[in-house]
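Just start_9.pdb here, PDB, C-alpha atoms and all ligand atoms:
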ATOM      1  CA  MET A   1      83.486-119.782  14.475  1.00  0.00           C
ATOM      2  CA  LYS A   2      82.746-119.142  18.132  1.00  0.00           C
ATOM      3  CA  ILE A   3      82.422-115.660  19.592  1.00  0.00           C
ATOM      4  CA  LEU A   4      81.998-114.783  23.248  1.00  0.00           C
ATOM      5  CA  VAL A   5      80.106-111.609  24.146  1.00  0.00           C
ATOM      6  CA  ILE A   6      80.955-110.329  27.625  1.00  0.00           C
ATOM      7  CA  ASN A   7      78.999-107.614  29.408  1.00  0.00           C
ATOM      8  CA  GLY A   8      79.989-105.962  32.660  1.00  0.00           C
ATOM      9  CA  PRO A   9      78.055-104.397  35.545  1.00  0.00           C
ATOM     10  CA  ASN A  10      74.551-102.991  35.104  1.00  0.00           C
ATOM     11  CA  ILE A  11      74.238-104.034  31.459  1.00  0.00           C
ATOM     12  CA  ASN A  12      71.587-106.474  32.720  1.00  0.00           C
ATOM     13  CA  MET A  13      69.590-103.340  33.695  1.00  0.00           C
ATOM     14  CA  LEU A  14      69.215-102.131  30.106  1.00  0.00           C
ATOM     15  CA  GLY A  15      65.779-100.678  29.457  1.00  0.00           C
ATOM     16  CA  ILE A  16      65.485 -99.668  33.120  1.00  0.00           C
ATOM     17  CA  ARG A  17      68.733 -97.780  33.708  1.00  0.00           C
ATOM     18  CA  GLU A  18      69.010 -94.229  32.389  1.00  0.00           C
ATOM     19  CA  PRO A  19      66.986 -94.744  29.180  1.00  0.00           C
ATOM     20  CA  GLY A  20      67.979 -91.251  28.013  1.00  0.00           C
ATOM     21  CA  ILE A  21      71.558 -92.530  27.754  1.00  0.00           C
ATOM     22  CA  TYR A  22      71.233 -96.259  27.071  1.00  0.00           C
ATOM     23  CA  GLY A  23      67.872 -96.376  25.267  1.00  0.00           C
ATOM     24  CA  SER A  24      64.699 -98.285  26.004  1.00  0.00           C
ATOM     25  CA  ASN A  25      65.757-101.698  24.698  1.00  0.00           C
ATOM     26  CA  SER A  26      66.112-104.347  27.399  1.00  0.00           C
ATOM     27  CA  PHE A  27      68.901-106.815  28.110  1.00  0.00           C
ATOM     28  CA  ALA A  28      66.568-109.509  26.730  1.00  0.00           C
ATOM     29  CA  ASP A  29      66.427-107.514  23.488  1.00  0.00           C
ATOM     30  CA  LEU A  30      70.238-107.618  23.361  1.00  0.00           C
ATOM     31  CA  LEU A  31      70.207-111.402  23.798  1.00  0.00           C
ATOM     32  CA  THR A  32      67.672-111.681  20.961  1.00  0.00           C
ATOM     33  CA  LEU A  33      69.886-109.503  18.727  1.00  0.00           C
ATOM     34  CA  LEU A  34      72.856-111.772  19.464  1.00  0.00           C
ATOM     35  CA  ASP A  35      70.820-114.908  18.662  1.00  0.00           C
ATOM     36  CA  GLU A  36      69.629-113.363  15.389  1.00  0.00           C
ATOM     37  CA  THR A  37      73.188-112.359  14.494  1.00  0.00           C
ATOM     38  CA  ALA A  38      74.489-115.864  15.186  1.00  0.00           C
ATOM     39  CA  LYS A  39      71.807-117.407  12.960  1.00  0.00           C
ATOM     40  CA  ALA A  40      72.308-114.891  10.151  1.00  0.00           C
ATOM     41  CA  GLU A  41      76.106-115.323  10.174  1.00  0.00           C
ATOM     42  CA  HIS A  42      76.046-119.112  10.773  1.00  0.00           C
ATOM     43  CA  ILE A  43      78.309-118.852  13.797  1.00  0.00           C
ATOM     44  CA  THR A  44      78.059-119.600  17.514  1.00  0.00           C
ATOM     45  CA  ILE A  45      77.670-116.669  19.886  1.00  0.00           C
ATOM     46  CA  ASP A  46      77.719-117.275  23.632  1.00  0.00           C
ATOM     47  CA  GLN A  47      77.153-114.466  26.076  1.00  0.00           C
ATOM     48  CA  TYR A  48      78.129-113.801  29.666  1.00  0.00           C
ATOM     49  CA  GLN A  49      77.153-110.931  31.962  1.00  0.00           C
ATOM     50  CA  SER A  50      78.466-110.260  35.451  1.00  0.00           C
ATOM     51  CA  ASN A  51      78.502-107.399  37.898  1.00  0.00           C
ATOM     52  CA  HIS A  52      81.762-108.705  39.388  1.00  0.00           C
ATOM     53  CA  GLU A  53      85.207-107.827  38.063  1.00  0.00           C
ATOM     54  CA  GLY A  54      86.856-111.130  39.064  1.00  0.00           C
ATOM     55  CA  CYS A  55      84.109-113.134  37.357  1.00  0.00           C
ATOM     56  CA  LEU A  56      84.737-111.198  34.149  1.00  0.00           C
ATOM     57  CA  VAL A  57      88.477-111.940  34.445  1.00  0.00           C
ATOM     58  CA  ASP A  58      87.695-115.642  35.041  1.00  0.00           C
ATOM     59  CA  LYS A  59      85.472-115.761  31.953  1.00  0.00           C
ATOM     60  CA  ILE A  60      88.131-114.131  29.751  1.00  0.00           C
ATOM     61  CA  GLN A  61      90.714-116.660  30.968  1.00  0.00           C
ATOM     62  CA  GLN A  62      88.303-119.559  30.334  1.00  0.00           C
ATOM     63  CA  ALA A  63      87.795-118.346  26.756  1.00  0.00           C
ATOM     64  CA  LEU A  64      91.335-119.406  25.843  1.00  0.00           C
ATOM     65  CA  GLY A  65      91.246-122.279  23.366  1.00  0.00           C
ATOM     66  CA  VAL A  66      87.447-122.132  23.201  1.00  0.00           C
ATOM     67  CA  TYR A  67      86.555-118.890  21.420  1.00  0.00           C
ATOM     68  CA  ASP A  68      87.916-117.282  18.252  1.00  0.00           C
ATOM     69  CA  GLY A  69      86.893-113.762  19.198  1.00  0.00           C
ATOM     70  CA  ILE A  70      85.577-111.684  22.089  1.00  0.00           C
ATOM     71  CA  VAL A  71      83.145-108.775  22.065  1.00  0.00           C
ATOM     72  CA  ILE A  72      83.360-106.962  25.381  1.00  0.00           C
ATOM     73  CA  ASN A  73      81.474-104.129  27.029  1.00  0.00           C
ATOM     74  CA  PRO A  74      83.181-103.935  30.420  1.00  0.00           C
ATOM     75  CA  ALA A  75      80.764-101.114  31.387  1.00  0.00           C
ATOM     76  CA  ALA A  76      82.116 -99.112  34.361  1.00  0.00           C
ATOM     77  CA  TYR A  77      85.126-101.457  34.653  1.00  0.00           C
ATOM     78  CA  THR A  78      86.240-100.070  31.274  1.00  0.00           C
ATOM     79  CA  HIS A  79      87.542 -97.026  33.083  1.00  0.00           C
ATOM     80  CA  THR A  80      89.120 -98.717  36.110  1.00  0.00           C
ATOM     81  CA  SER A  81      90.099-102.313  35.449  1.00  0.00           C
ATOM     82  CA  ILE A  82      93.711-103.099  34.676  1.00  0.00           C
ATOM     83  CA  ALA A  83      92.806-106.704  35.592  1.00  0.00           C
ATOM     84  CA  ILE A  84      90.438-106.969  32.621  1.00  0.00           C
ATOM     85  CA  LEU A  85      93.052-105.367  30.345  1.00  0.00           C
ATOM     86  CA  ASP A  86      95.664-107.858  31.558  1.00  0.00           C
ATOM     87  CA  ALA A  87      93.283-110.813  31.089  1.00  0.00           C
ATOM     88  CA  LEU A  88      92.541-109.780  27.491  1.00  0.00           C
ATOM     89  CA  LYS A  89      96.269-109.424  26.823  1.00  0.00           C
ATOM     90  CA  ALA A  90      96.984-112.761  28.531  1.00  0.00           C
ATOM     91  CA  VAL A  91      94.633-114.778  26.304  1.00  0.00           C
ATOM     92  CA  GLY A  92      95.442-112.803  23.146  1.00  0.00           C
ATOM     93  CA  ILE A  93      92.046-113.528  21.594  1.00  0.00           C
ATOM     94  CA  PRO A  94      91.021-110.848  19.057  1.00  0.00           C
ATOM     95  CA  ALA A  95      88.646-108.551  20.922  1.00  0.00           C
ATOM     96  CA  VAL A  96      86.326-105.680  20.033  1.00  0.00           C
ATOM     97  CA  GLU A  97      85.187-103.154  22.642  1.00  0.00           C
ATOM     98  CA  VAL A  98      81.572-101.993  22.540  1.00  0.00           C
ATOM     99  CA  HIS A  99      79.859 -99.152  24.363  1.00  0.00           C
ATOM    100  CA  ILE A 100      76.162 -98.527  23.927  1.00  0.00           C
ATOM    101  CA  SER A 101      76.531 -94.809  24.635  1.00  0.00           C
ATOM    102  CA  ASP A 102      79.044 -92.440  23.053  1.00  0.00           C
ATOM    103  CA  VAL A 103      81.459 -92.302  25.976  1.00  0.00           C
ATOM    104  CA  SER A 104      83.643 -89.781  24.108  1.00  0.00           C
ATOM    105  CA  GLN A 105      80.890 -87.207  24.707  1.00  0.00           C
ATOM    106  CA  ARG A 106      80.454 -88.000  28.411  1.00  0.00           C
ATOM    107  CA  GLU A 107      82.249 -87.258  31.705  1.00  0.00           C
ATOM    108  CA  ASP A 108      86.025 -86.903  31.960  1.00  0.00           C
ATOM    109  CA  PHE A 109      86.280 -90.047  34.116  1.00  0.00           C
ATOM    110  CA  ARG A 110      84.932 -92.099  31.192  1.00  0.00           C
ATOM    111  CA  GLN A 111      87.627 -90.906  28.792  1.00  0.00           C
ATOM    112  CA  ILE A 112      90.117 -93.638  29.641  1.00  0.00           C
ATOM    113  CA  SER A 113      89.496 -97.207  28.511  1.00  0.00           C
ATOM    114  CA  TYR A 114      91.894 -99.796  29.882  1.00  0.00           C
ATOM    115  CA  ALA A 115      90.169-102.734  28.165  1.00  0.00           C
ATOM    116  CA  GLY A 116      90.231-100.836  24.887  1.00  0.00           C
ATOM    117  CA  MET A 117      94.037-100.960  24.937  1.00  0.00           C
ATOM    118  CA  ALA A 118      93.797-104.702  24.274  1.00  0.00           C
ATOM    119  CA  CYS A 119      91.077-104.435  21.602  1.00  0.00           C
ATOM    120  CA  CYS A 120      91.541-104.138  17.850  1.00  0.00           C
ATOM    121  CA  LYS A 121      88.455-101.916  17.467  1.00  0.00           C
ATOM    122  CA  THR A 122      86.080 -99.820  19.577  1.00  0.00           C
ATOM    123  CA  ILE A 123      82.460 -99.189  18.650  1.00  0.00           C
ATOM    124  CA  MET A 124      80.580 -96.607  20.719  1.00  0.00           C
ATOM    125  CA  GLY A 125      77.319 -94.723  20.535  1.00  0.00           C
ATOM    126  CA  HIS A 126      75.554 -97.132  18.176  1.00  0.00           C
ATOM    127  CA  GLY A 127      73.237 -98.587  20.834  1.00  0.00           C
ATOM    128  CA  LEU A 128      72.653-102.348  20.742  1.00  0.00           C
ATOM    129  CA  GLU A 129      73.471-102.347  17.026  1.00  0.00           C
ATOM    130  CA  GLY A 130      77.102-101.858  18.059  1.00  0.00           C
ATOM    131  CA  TYR A 131      77.231-105.480  19.210  1.00  0.00           C
ATOM    132  CA  ARG A 132      76.179-106.716  15.764  1.00  0.00           C
ATOM    133  CA  GLU A 133      78.803-104.470  14.167  1.00  0.00           C
ATOM    134  CA  ALA A 134      81.442-105.859  16.555  1.00  0.00           C
ATOM    135  CA  VAL A 135      80.573-109.446  15.634  1.00  0.00           C
ATOM    136  CA  THR A 136      80.661-108.745  11.885  1.00  0.00           C
ATOM    137  CA  HIS A 137      83.991-106.966  12.311  1.00  0.00           C
ATOM    138  CA  LEU A 138      85.432-110.016  14.055  1.00  0.00           C
ATOM    139  CA  ILE A 139      84.115-112.261  11.265  1.00  0.00           C
ATOM    140  CA  SER A 140      85.808-110.022   8.702  1.00  0.00           C
ATOM    141  CA  ILE A 141      89.231-110.237  10.360  1.00  0.00           C
ATOM    142  CA  LEU A 142      89.227-113.857  11.551  1.00  0.00           C
TER     143      LEU A 142
HETATM  144  C1  LIG B 201      78.946 -98.191  28.956  1.00  0.00           C
HETATM  145  C2  LIG B 201      79.637 -96.844  29.263  1.00  0.00           C
HETATM  146  C3  LIG B 201      80.283 -96.879  30.622  1.00  0.00           C
HETATM  147  O1  LIG B 201      80.931 -95.641  30.893  1.00  0.00           O
HETATM  148  C4  LIG B 201      79.237 -97.113  31.689  1.00  0.00           C
HETATM  149  O2  LIG B 201      79.853 -97.214  32.969  1.00  0.00           O
HETATM  150  C5  LIG B 201      78.383 -98.297  31.415  1.00  0.00           C
HETATM  151  C6  LIG B 201      77.972 -98.573  30.034  1.00  0.00           C
HETATM  152  C7  LIG B 201      78.183 -98.162  27.620  1.00  0.00           C
HETATM  153  O3  LIG B 201      77.845 -99.248  27.141  1.00  0.00           O
HETATM  154  O4  LIG B 201      77.879 -97.081  27.102  1.00  0.00           O
HETATM  155  O5  LIG B 201      77.926 -98.981  32.325  1.00  0.00           O
HETATM  156  O6  LIG B 201      79.953 -99.176  28.830  1.00  0.00           O
END
If you took the structure in this file and wrote it as structure tokens, what would it be?
Ligand code: DQA
Amino acid sequence: MKILVINGPNINMLGIREPGIYGSNSFADLLTLLDETAKAEHITIDQYQSNHEGCLVDKIQQALGVYDGIVINPAAYTHTSIAILDALKAVGIPAVEVHISDVSQREDFRQISYAGMACCKTIMGHGLEGYREAVTHLISIL
């Protein structure tokens, strides 16, 4: 089984950006967690991070025929990007949305998730652990 983990803008700044909201773990810590999860579950996990909306759309399109599942944290593009929603719908790969923070308890402008409309599950507010939960959920349904 092959799972692609996609992270949007500023997720590479984990550990530096707003630690009161996103915690003190770094992006490198997230990559380590994904490696550990892949080993423990005997699957392949590839990851991609970009600050650019079009690059995220390209990566979702390129996942077609390659990956069995997608875990996606579109970050700020969650709340604005119909292009990412359309890309997820276009490829039809089972996808789980992850947010490190509990966006349901944050500003009004974060209350809409376009990408989430194409995802079978949303995990929010569980920190980096949410990514592991998203992967194990995909394993359970695939
Ligand atoms: C985020 C929540 C988004 O609202 C925000 O723009 C992010 C990170 C999260 O993981 O909690 O950059 O997706």
Any chance you could work out the residue set of the PyMOL selection byres (((chain A and resi 95-107) around 9) and not hetatm) here, as a PyMOL selection string? chain A and resi 21-23+69-75+88+92-94+108-111+115-116+118-131+134-135+137-138
From the options A:Thr32, A:Thr78, A:Asn12, A:Gln62, which residue's atoms come nearest to ligand LIG 201 (chain B), counting all atoms listed in the file? A:Thr78
Would you kindly translate the PyMOL selection byres (((chain A and resi 10) around 12) and not hetatm) into the concrete residues it picks from this file, as a PyMOL selection string? chain A and resi 7-9+11-18+22+26-27+49-52+73-77
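Straight-line separation from atom CA of Leu34 of chain A to atom O4 of ligand LIG 201 (chain B): 17.3 Å.
With only C-alpha atoms and all ligand atoms as the atoms that count, the residue of A:Met117, A:Leu64, A:Met1, A:Ile112 with the shortest distance to ligand LIG 201 (chain B) is A:Ile112.
In this structure, atom CA of Gly65 of chain A sits 24.7 Å away from atom CA of Glu36 of chain A.
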Please report the interatomic distance between atom O2 of ligand LIG 201 (chain B) and atom CA of Leu56 of chain A in Å with one decimal. 14.9 Å
Mind working out the centre and edge lengths of an axis-aligned box for ligand LIG 201 (chain B), all listed atoms inside, 6 Å added to each side, rounded to one decimal in Å and written as lines of an AutoDock Vina configuration file?
center_x = 79.4
center_y = -97.4
center_z = 30.0
size_x = 15.1
size_y = 15.6
size_z = 17.9
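Using only C-alpha atoms and all ligand atoms, the shortest contact distance between ligand LIG 201 (chain B) and any of A:Leu4, A:Ile82, A:Leu30, A:Val66 is found at A:Leu30.
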Nearest to ligand LIG 201 (chain B) by atom-to-atom distance, counting all atoms listed in the file, from A:Ser81, A:Thr37, A:Thr44, A:Gln61: A:Ser81
Need the shell around Tyr67 of chain A: protein/DNA/RNA residues with any atom at most 6 Å away, counting all atoms listed in the file. Skip same-chain ones fewer than 4 positions apart. Format as number ranges by chain? A: 2-3, 63
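Each of A:Gly54, A:Asp35, A:His79, A:Val91 was compared to ligand LIG 201 (chain B) using only C-alpha atoms and all ligand atoms, and A:His79 turns out to be the nearest.
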How would segment 31-48 of chain A read, as a short mmCIF file (atom, residue, chain, number, x, y, z; two decimals), keeping the file's coordinate frame, once N, CA, C and O atoms are built in?
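Result went into selection_37.cif, see below:
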data_model
loop_
_atom_site.label_atom_id
_atom_site.label_comp_id
_atom_site.auth_asym_id
_atom_site.auth_seq_id
_atom_site.Cartn_x
_atom_site.Cartn_y
_atom_site.Cartn_z
N LEU A 31 70.00 -109.96 24.00
CA LEU A 31 70.21 -111.40 23.80
C LEU A 31 69.54 -111.88 22.51
O LEU A 31 70.10 -112.71 21.78
N THR A 32 68.37 -111.33 22.21
CA THR A 32 67.67 -111.68 20.96
C THR A 32 68.50 -111.23 19.75
O THR A 32 68.66 -111.99 18.78
N LEU A 33 69.05 -110.01 19.84
CA LEU A 33 69.89 -109.50 18.73
C LEU A 33 71.09 -110.42 18.51
O LEU A 33 71.46 -110.72 17.35
N LEU A 34 71.69 -110.89 19.61
CA LEU A 34 72.86 -111.77 19.46
C LEU A 34 72.46 -113.11 18.84
O LEU A 34 73.17 -113.64 17.97
N ASP A 35 71.31 -113.65 19.26
CA ASP A 35 70.82 -114.91 18.66
C ASP A 35 70.57 -114.74 17.17
O ASP A 35 70.94 -115.59 16.35
N GLU A 36 69.92 -113.63 16.81
CA GLU A 36 69.63 -113.36 15.39
C GLU A 36 70.92 -113.23 14.59
O GLU A 36 71.02 -113.73 13.47
N THR A 37 71.91 -112.56 15.18
CA THR A 37 73.19 -112.36 14.49
C THR A 37 73.88 -113.70 14.28
O THR A 37 74.43 -113.97 13.20
N ALA A 38 73.85 -114.55 15.30
CA ALA A 38 74.49 -115.86 15.19
C ALA A 38 73.85 -116.68 14.06
O ALA A 38 74.55 -117.29 13.25
N LYS A 39 72.52 -116.65 14.01
CA LYS A 39 71.81 -117.41 12.96
C LYS A 39 72.13 -116.85 11.58
O LYS A 39 72.44 -117.60 10.64
N ALA A 40 72.08 -115.53 11.46
CA ALA A 40 72.31 -114.89 10.15
C ALA A 40 73.73 -115.15 9.65
O ALA A 40 73.95 -115.30 8.45
N GLU A 41 74.69 -115.18 10.56
CA GLU A 41 76.11 -115.32 10.17
C GLU A 41 76.59 -116.77 10.23
O GLU A 41 77.76 -117.05 9.92
N HIS A 42 75.71 -117.68 10.66
CA HIS A 42 76.05 -119.11 10.77
C HIS A 42 77.27 -119.33 11.68
O HIS A 42 78.21 -120.04 11.31
N ILE A 43 77.24 -118.68 12.81
CA ILE A 43 78.31 -118.85 13.80
C ILE A 43 77.67 -119.13 15.16
O ILE A 43 76.45 -119.03 15.32
N THR A 44 78.53 -119.44 16.14
CA THR A 44 78.06 -119.60 17.51
C THR A 44 78.42 -118.34 18.31
O THR A 44 79.56 -117.88 18.26
N ILE A 45 77.41 -117.79 18.98
CA ILE A 45 77.67 -116.67 19.89
C ILE A 45 77.18 -117.06 21.27
O ILE A 45 76.00 -117.37 21.46
N ASP A 46 78.09 -117.09 22.23
CA ASP A 46 77.72 -117.28 23.63
C ASP A 46 77.85 -115.93 24.32
O ASP A 46 78.67 -115.09 23.92
N GLN A 47 77.05 -115.74 25.36
CA GLN A 47 77.15 -114.47 26.08
C GLN A 47 77.27 -114.70 27.57
O GLN A 47 76.80 -115.70 28.09
N TYR A 48 77.93 -113.74 28.22
CA TYR A 48 78.13 -113.80 29.67
C TYR A 48 78.01 -112.39 30.22
O TYR A 48 78.60 -111.45 29.65
#
